[in-house]
Each structure stands twice: as structure tokens, then as C-alpha cells.
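Scroll down for the structure; my scribbles are underneath it.
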Amino acid sequence: MTSETVASHYNAVKQEGIEERKNSKIFHLRNINNWMKNCLINEAIDLLKRDRIYQPKVLDLACGKGGDLPKWSIARVGSVVLTDIAEVSVEQARGRYEESKAERRCNFPAQFITLDSCNNELAPLIDPAFLPIDIVSCQFAFHYSFVNEPSARQMLRNAVASLRPGGLFIGTLPDAERIVWAARSAADNDNKWENRVCSVHYDGSTPIDDPPLFGAQFDFNLDEQVNCPEFLAYFPLLVKLAEEEGMELLWEKRFPQAAEEYLKNERWRSNLYRKLKEFNHRTTQLETEEEGQFDHVKDLLTSEEGGRLTTLSKAEWEVFSMYITFCFRKKE
Ligand SMILES: C[S@@+](CC[C@H](N)C(=O)[O-])C[C@H]1O[C@@H](n2cnc3c(N)ncnc32)[C@H](O)[C@@H]1O
């Protein structure tokens, strides 16, 4: 698989309207994933504040269509460099930025760069006014570079080369161990694990019993959308490569563990509850849902204490549990 395959896949993904998004079976999963990114970004920004960095300079690596621009704006960052391999996505990100700027919803300078970060140096293309970088954010994307070792090393160099000492590299990734577990548990279905919103298929060209460190390919299809091949990023290997680039690991957490911690914060809790599926009509709504998907709240809803509840379907939770978040710091 080449970088062009990834670029043409993402270039062809059309931008959905609000109504289309709301009707998707993974609407709430997308919301909680966005919430996770928001919490992670703010956690990193709070860490930097302890070092008296109040308006951090950001690198949004593999930025996609710029979905995180509002998060950067709310976090009051100093500037953002946005880069991605897919030029259509970068142009959409630029359009979003110009629109928000015109409406005074975002007030930081931004630079947009179309680049294959697995095969090129990013640092020379960054405007010196946007340097040094305080936070690099690579969301749901770093694993593409695990197609082979030179790509992973190049992407990592691009992530950290422009970071100042003490700067942070944060991100989210499919959890390689969970993916392998899912594929192995579906051995009698050609290593294709599936539920009603997602399927994970481990490609048979490398052994599932002993996946290679690079090039272990899988397909992750969400809500029946066509996807492009992805690669397992075995986290201990990423830690080793990052250490070679002068980075130390601050944390790695599975999504459920990270969510549990973020939910202890009142602000994040109410922010999430506004975004999830709400059952405030007691059992009526449950009866219309697919069999078993909301059993975990059924007793609560029908009990005396049962009031307004928000939650994910069982299938969405299974997918949510397949990701990890991480944070590295550049050694002084
Ligand atoms: C799942 S999307 C995530 C986009 C965005 N970070 C977000 O959270 O919404 C993965 C992104 O990685 C980008 N990507 C994959 N390989 C890349 C590469 N070699 N260089 C730069 N971007 C790449 C894709 O174009 C795509 O926009």
C-alpha cells in the first residue's frame, strides 16, 4: 500500500452535513471520540501552563478536514500549523479556518501544508514565526505510518523535530493489542470481527499469531463506510522509537480508562452528557432500539431512581474500547 492510496481515499471522502451525521449509527461514538480529543488537548494545555506557557504553538499533524480547529480556538492557542497528505482535506480545513476567522470564532494565525509526512521532511516548510512548537497533536492517524519502518521513523521525526524541549506530543491510536484480540477471537470468520457498527478484518498476508512490527495490515470499517488499509502500531515499539528521538512517555491509556478519569471533572462530565444519547422517555425509546444494545441501562431506567440517562450502545462502546490515548514529552 502506498501513501497515494491513503491520500486518494481521504481526498474522496465527502464532507457530511449535520443531518447526515445525526442519522449515522455512530453519531454518539463520534461525539465521544471528539470529547476525548478535547479532554486530551486541554489536559496537555494545562500541563504546559505549569511551565508558564499560556498560548502554545501547535502542530496538528494529519489534521484531516480541520475538525479540531474549534478545539484549538476554545483552548486559546497562539498559532496552529495544520498538515495532511490529502490536499482536498487541507483545503477544506483552510476553508473552515477562513470562515471561523471571518466570524471571529477563531483568532490565531494558521499555516496549511499538504505533505506526505511518512516520506518527507516537514520542518523546513514551517514558517519560522510558528516555531518552536509547544504541542504536537496527531489524532487517529499515526498508525498509518506503521506501513514500514522508514515511514514510521520519518513521521515520528516530523512530529517531534520542531518541538521545543519540554514540549508535548499527544495523540490517539487504534489499540494494536485489542485489534489483534478481536481478529483472533474471530478466527472462524476469516479473522473478521464485527458488530452492528464496525468490522475489523486482519489481512491474511501476515500471520495473526505473530504479527510483524511493521506492515501488519487491517481494515477497520465503521458504519459501513469504505476505508483504506490501516496498520497495527504496537505501542511499546512506538515508545522505543520515540525514546530514540529524545521523547519520554508521560502516559498511555485505553479510552475507557481515560474517560473514567476525565469524567471525574465536573466540567468534562456535563460537556459529555450533553453529547451522548439521551433516554428521557423511559422504556419507550429502548424498545425501538436493536435487541440488547441498551440492556446495560434498562434496569436503571425502569427503576424508581431512573431519570434522565445518557449512554452509548453496546456496539459503540466496543469500538470506543479499541483506542488508546498517549502523551510524550521532549526531554530537556
Ligand atoms: C482518521 S483521519 C484523522 C483526521 C484528524 N486528525 C481527525 O482527528 O479528525 C486520518 C488522517 O491521516 C492522514 N494521513 C494518513 N497518512 C498520512 C501521511 N503519510 N502524511 C500525512 N497525513 C496522513 C489522512 O489523510 C487523514 O486525514
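Identifiers for the C-alpha cells are assigned positionally: chains receive A, B, ... in sequence, residues are indexed from 1 per chain, and ligands are indexed from 1 in the order shown.
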
Query raised in the report: Do you know which residues are within 6 Å of ligand 1 using only C-alpha atoms and all ligand atoms? Can you write them as a list of chain:residue names?
Result: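 Using only C-alpha atoms and all ligand atoms, I find these residues within 6 Å of ligand 1: A:Ser3, A:Val6, A:Ala7, A:Tyr10, A:Ala62, A:Cys63, A:Gly64, A:Gly67, A:Asp84, A:Ile85, A:Ala86, A:Leu115, A:Asp116, A:Ser117, A:Cys118, A:Cys138, A:Gln139, A:Phe140, A:Ala141, A:Tyr144.
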
Query raised in the report: CA of Pro174 in chain A and CA of His201 in chain A, how far apart in Å?
Result: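 One can read the CA of His201 in chain A to CA of Pro174 in chain A distance as 13.3 Å.
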
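Distance-wise, CA of Asn195 in chain A and CA of Ala315 in chain A end up 6.1 Å apart.
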
Requested in this report: Would you mind listing what lies within 6 Å of Leu168 in chain A as a list in words, with only C-alpha atoms counted and same-chain residues fewer than 5 positions away left out?
Outcome: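 Close residues of Leu168 in chain A: Ile135, Phe328 and Arg329 of chain A.
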
Query - Counting only C-alpha atoms, the residue of A:Thr311, A:Phe220, A:Glu248, A:Ile324 that sits nearest Tyr273 in chain A - result: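 Using only C-alpha atoms, the shortest distance to Tyr273 in chain A belongs to A:Thr311.
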
Report task. Considering only C-alpha atoms, return as a list in words whatever protein or nucleic-acid residues lie within 12 Å of Glu261 in chain A, sequence-local ones (same chain, fewer than 5 positions apart) excluded. Result ->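 The residues that qualify are Met36, Cys39, Leu40, Glu43, Lys253, Arg254, Phe255, Pro256, Glu266, Trp268 and Arg269 of chain A.
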
Keeping only N, CA and C atoms, write the selected residues as a PDB file, in the first residue's frame.
ATOM      1  N   MET A  36     -13.158  13.017  23.737  1.00  0.00           N
ATOM      2  CA  MET A  36     -11.867  12.504  24.218  1.00  0.00           C
ATOM      3  C   MET A  36     -10.721  13.384  23.725  1.00  0.00           C
ATOM      4  N   CYS A  39     -10.686  16.617  25.699  1.00  0.00           N
ATOM      5  CA  CYS A  39     -10.138  16.457  27.051  1.00  0.00           C
ATOM      6  C   CYS A  39      -8.617  16.330  26.988  1.00  0.00           C
ATOM      7  N   LEU A  40      -8.144  15.529  26.043  1.00  0.00           N
ATOM      8  CA  LEU A  40      -6.700  15.288  25.908  1.00  0.00           C
ATOM      9  C   LEU A  40      -5.971  16.595  25.592  1.00  0.00           C
ATOM     10  N   GLU A  43      -5.943  18.717  28.654  1.00  0.00           N
ATOM     11  CA  GLU A  43      -5.035  18.168  29.673  1.00  0.00           C
ATOM     12  C   GLU A  43      -3.593  18.596  29.342  1.00  0.00           C
ATOM     13  N   LYS A 253      -3.090   5.467  27.838  1.00  0.00           N
ATOM     14  CA  LYS A 253      -4.299   4.944  28.485  1.00  0.00           C
ATOM     15  C   LYS A 253      -5.251   4.424  27.430  1.00  0.00           C
ATOM     16  N   ARG A 254      -5.937   3.338  27.787  1.00  0.00           N
ATOM     17  CA  ARG A 254      -7.037   2.917  26.921  1.00  0.00           C
ATOM     18  C   ARG A 254      -8.153   3.935  27.074  1.00  0.00           C
ATOM     19  N   PHE A 255      -8.974   4.090  26.027  1.00  0.00           N
ATOM     20  CA  PHE A 255     -10.045   5.095  26.079  1.00  0.00           C
ATOM     21  C   PHE A 255     -10.946   4.947  27.315  1.00  0.00           C
ATOM     22  N   PRO A 256     -11.407   3.725  27.659  1.00  0.00           N
ATOM     23  CA  PRO A 256     -12.312   3.652  28.815  1.00  0.00           C
ATOM     24  C   PRO A 256     -11.672   4.154  30.097  1.00  0.00           C
ATOM     25  N   GLU A 266     -16.048  17.827  36.748  1.00  0.00           N
ATOM     26  CA  GLU A 266     -17.442  18.263  36.573  1.00  0.00           C
ATOM     27  C   GLU A 266     -17.695  18.881  35.186  1.00  0.00           C
ATOM     28  N   TRP A 268     -16.006  18.465  32.346  1.00  0.00           N
ATOM     29  CA  TRP A 268     -15.959  17.488  31.253  1.00  0.00           C
ATOM     30  C   TRP A 268     -17.153  16.566  31.290  1.00  0.00           C
ATOM     31  N   ARG A 269     -17.600  16.266  32.523  1.00  0.00           N
ATOM     32  CA  ARG A 269     -18.731  15.343  32.646  1.00  0.00           C
ATOM     33  C   ARG A 269     -19.971  15.956  31.994  1.00  0.00           C
TER      34      ARG A 269
END

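Atom pair CA of Asp60 in chain A / CA of Ser137 in chain A has a distance of 5.0 Å (rounded to one decimal).
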
**Report entry** Among listed residues A:Ala233, A:Val13, A:Ala110, A:Leu29, nearest Val147 in chain A (using only C-alpha atoms)
**Finding:** A:Ala233

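Proximity of A:Ala123, A:Val58, A:Leu241, A:Ile179 to Ser151 in chain A, computed with only C-alpha atoms, is greatest for A:Leu241.
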
Query raised in the report: Between A:Ala75, A:Ala259, A:Leu249, A:Ala12, which one has atoms that come closest to Cys327 in chain A, using only C-alpha atoms?
Result: A:Leu249

Requested in this report: Within 10 Å of Trp193 in chain A, counting only C-alpha atoms, which residues show up once you throw out same-chain ones fewer than 6 positions away? Write them as a list in words, please.
Outcome: Ile179, Val180, Trp181, Ala182, Ala183, Arg184, Ser185, Ala186, Ala187, Ser199, Val200, His201, Tyr202 and Phe220 of chain A

Report task. Write out as a VMD selection string all residues of range 43-180 of chain A that backbone DSSP assigns to alpha helix (DSSP H). Result -> chain A and resid 43 to 50 69 to 74 87 to 102 149 to 160 176 to 180

Would you mind exporting the chosen residues as a CSV table (one decimal), in the first residue's frame, restricted to N, CA and C atoms?
chain,number,residue,atom,x,y,z
A,43,GLU,N,-5.9,18.7,28.7
A,43,GLU,CA,-5.0,18.2,29.7
A,43,GLU,C,-3.6,18.6,29.3
A,44,ALA,N,-3.2,18.5,28.1
A,44,ALA,CA,-1.9,18.9,27.6
A,44,ALA,C,-1.7,20.4,27.8
A,45,ILE,N,-2.7,21.2,27.5
A,45,ILE,CA,-2.6,22.6,27.7
A,45,ILE,C,-2.4,23.0,29.1
A,46,ASP,N,-3.1,22.3,30.0
A,46,ASP,CA,-3.0,22.6,31.4
A,46,ASP,C,-1.5,22.2,31.9
A,47,LEU,N,-1.0,21.1,31.4
A,47,LEU,CA,0.4,20.7,31.7
A,47,LEU,C,1.4,21.8,31.3
A,48,LEU,N,1.2,22.4,30.1
A,48,LEU,CA,2.1,23.4,29.7
A,48,LEU,C,2.0,24.7,30.5
A,49,LYS,N,0.7,24.9,31.0
A,49,LYS,CA,0.6,26.2,31.8
A,49,LYS,C,1.4,26.1,33.1
A,50,ARG,N,1.7,24.8,33.6
A,50,ARG,CA,2.5,24.7,34.7
A,50,ARG,C,3.9,25.1,34.4
A,69,LEU,N,-10.1,22.4,14.7
A,69,LEU,CA,-9.9,23.9,14.8
A,69,LEU,C,-10.7,24.5,15.9
A,70,PRO,N,-12.0,24.1,16.1
A,70,PRO,CA,-12.7,24.8,17.2
A,70,PRO,C,-12.1,24.5,18.6
A,71,LYS,N,-11.5,23.3,18.7
A,71,LYS,CA,-10.9,22.9,20.0
A,71,LYS,C,-9.7,23.8,20.2
A,72,TRP,N,-8.9,24.1,19.2
A,72,TRP,CA,-7.7,25.0,19.3
A,72,TRP,C,-8.2,26.4,19.7
A,73,SER,N,-9.3,26.8,19.1
A,73,SER,CA,-9.8,28.1,19.3
A,73,SER,C,-10.2,28.3,20.8
A,74,ILE,N,-11.0,27.3,21.2
A,74,ILE,CA,-11.5,27.4,22.6
A,74,ILE,C,-10.3,27.3,23.6
A,87,GLU,N,-4.8,16.7,-0.1
A,87,GLU,CA,-4.9,18.1,-0.3
A,87,GLU,C,-6.3,18.6,-0.3
A,88,VAL,N,-7.3,17.8,-0.6
A,88,VAL,CA,-8.7,18.2,-0.6
A,88,VAL,C,-9.0,18.5,0.9
A,89,SER,N,-8.6,17.6,1.8
A,89,SER,CA,-8.8,17.8,3.2
A,89,SER,C,-8.2,19.1,3.7
A,90,VAL,N,-6.9,19.4,3.3
A,90,VAL,CA,-6.2,20.6,3.8
A,90,VAL,C,-7.0,21.8,3.3
A,91,GLU,N,-7.5,21.8,2.0
A,91,GLU,CA,-8.2,22.9,1.5
A,91,GLU,C,-9.5,23.1,2.3
A,92,GLN,N,-10.2,22.0,2.7
A,92,GLN,CA,-11.4,22.1,3.5
A,92,GLN,C,-11.1,22.7,4.9
A,93,ALA,N,-9.9,22.3,5.4
A,93,ALA,CA,-9.5,22.8,6.7
A,93,ALA,C,-9.3,24.3,6.6
A,94,ARG,N,-8.6,24.7,5.5
A,94,ARG,CA,-8.3,26.1,5.3
A,94,ARG,C,-9.6,26.9,5.2
A,95,GLY,N,-10.6,26.3,4.4
A,95,GLY,CA,-11.9,27.0,4.2
A,95,GLY,C,-12.6,27.2,5.6
A,96,ARG,N,-12.6,26.1,6.4
A,96,ARG,CA,-13.2,26.2,7.7
A,96,ARG,C,-12.6,27.3,8.6
A,97,TYR,N,-11.2,27.4,8.5
A,97,TYR,CA,-10.5,28.4,9.3
A,97,TYR,C,-10.9,29.8,8.8
A,98,GLU,N,-10.9,30.0,7.5
A,98,GLU,CA,-11.2,31.3,7.0
A,98,GLU,C,-12.6,31.8,7.4
A,99,GLU,N,-13.5,30.8,7.3
A,99,GLU,CA,-14.9,31.1,7.7
A,99,GLU,C,-15.0,31.5,9.2
A,100,SER,N,-14.3,30.7,10.1
A,100,SER,CA,-14.3,31.0,11.5
A,100,SER,C,-13.7,32.3,11.8
A,101,LYS,N,-12.6,32.6,11.1
A,101,LYS,CA,-11.9,33.8,11.3
A,101,LYS,C,-12.8,35.0,10.9
A,102,ALA,N,-13.5,34.9,9.8
A,102,ALA,CA,-14.4,36.0,9.4
A,102,ALA,C,-15.5,36.2,10.4
A,149,GLU,N,9.2,0.5,8.5
A,149,GLU,CA,10.0,1.2,9.5
A,149,GLU,C,10.4,2.6,9.1
A,150,PRO,N,10.9,2.8,7.8
A,150,PRO,CA,11.3,4.2,7.4
A,150,PRO,C,10.2,5.2,7.5
A,151,SER,N,8.9,4.8,7.2
A,151,SER,CA,7.8,5.7,7.2
A,151,SER,C,7.5,6.0,8.7
A,152,ALA,N,7.5,5.1,9.6
A,152,ALA,CA,7.2,5.3,11.0
A,152,ALA,C,8.2,6.3,11.6
A,153,ARG,N,9.5,6.0,11.2
A,153,ARG,CA,10.6,6.9,11.8
A,153,ARG,C,10.5,8.3,11.2
A,154,GLN,N,10.1,8.4,9.9
A,154,GLN,CA,10.0,9.8,9.3
A,154,GLN,C,8.8,10.5,10.0
A,155,MET,N,7.7,9.9,10.1
A,155,MET,CA,6.5,10.5,10.7
A,155,MET,C,6.8,11.0,12.1
A,156,LEU,N,7.5,10.1,12.8
A,156,LEU,CA,7.9,10.5,14.2
A,156,LEU,C,8.8,11.7,14.3
A,157,ARG,N,9.8,11.7,13.4
A,157,ARG,CA,10.7,12.8,13.3
A,157,ARG,C,10.0,14.1,13.0
A,158,ASN,N,9.0,14.0,12.1
A,158,ASN,CA,8.2,15.2,11.7
A,158,ASN,C,7.3,15.6,12.9
A,159,ALA,N,6.9,14.7,13.7
A,159,ALA,CA,6.1,15.0,14.9
A,159,ALA,C,7.0,15.8,15.9
A,160,VAL,N,8.2,15.3,16.1
A,160,VAL,CA,8.9,15.9,17.3
A,160,VAL,C,10.1,16.8,17.0
A,176,ALA,N,-3.4,-1.7,19.2
A,176,ALA,CA,-3.0,-2.9,18.4
A,176,ALA,C,-3.4,-4.2,19.1
A,177,GLU,N,-3.2,-4.1,20.5
A,177,GLU,CA,-3.5,-5.4,21.2
A,177,GLU,C,-5.0,-5.8,21.1
A,178,ARG,N,-5.8,-4.8,21.2
A,178,ARG,CA,-7.3,-5.0,21.1
A,178,ARG,C,-7.7,-5.5,19.7
A,179,ILE,N,-7.0,-4.9,18.7
A,179,ILE,CA,-7.3,-5.3,17.3
A,179,ILE,C,-7.0,-6.7,17.1
A,180,VAL,N,-5.8,-7.1,17.6
A,180,VAL,CA,-5.3,-8.5,17.4
A,180,VAL,C,-6.2,-9.4,18.2

Report task. Would you mind listing what lies within 9 Å of Asp134 in chain A as a PyMOL selection string, with only C-alpha atoms counted and same-chain residues fewer than 2 positions away left out? Result -> chain A and resi 48+53+56-59+131-132+136+162-169
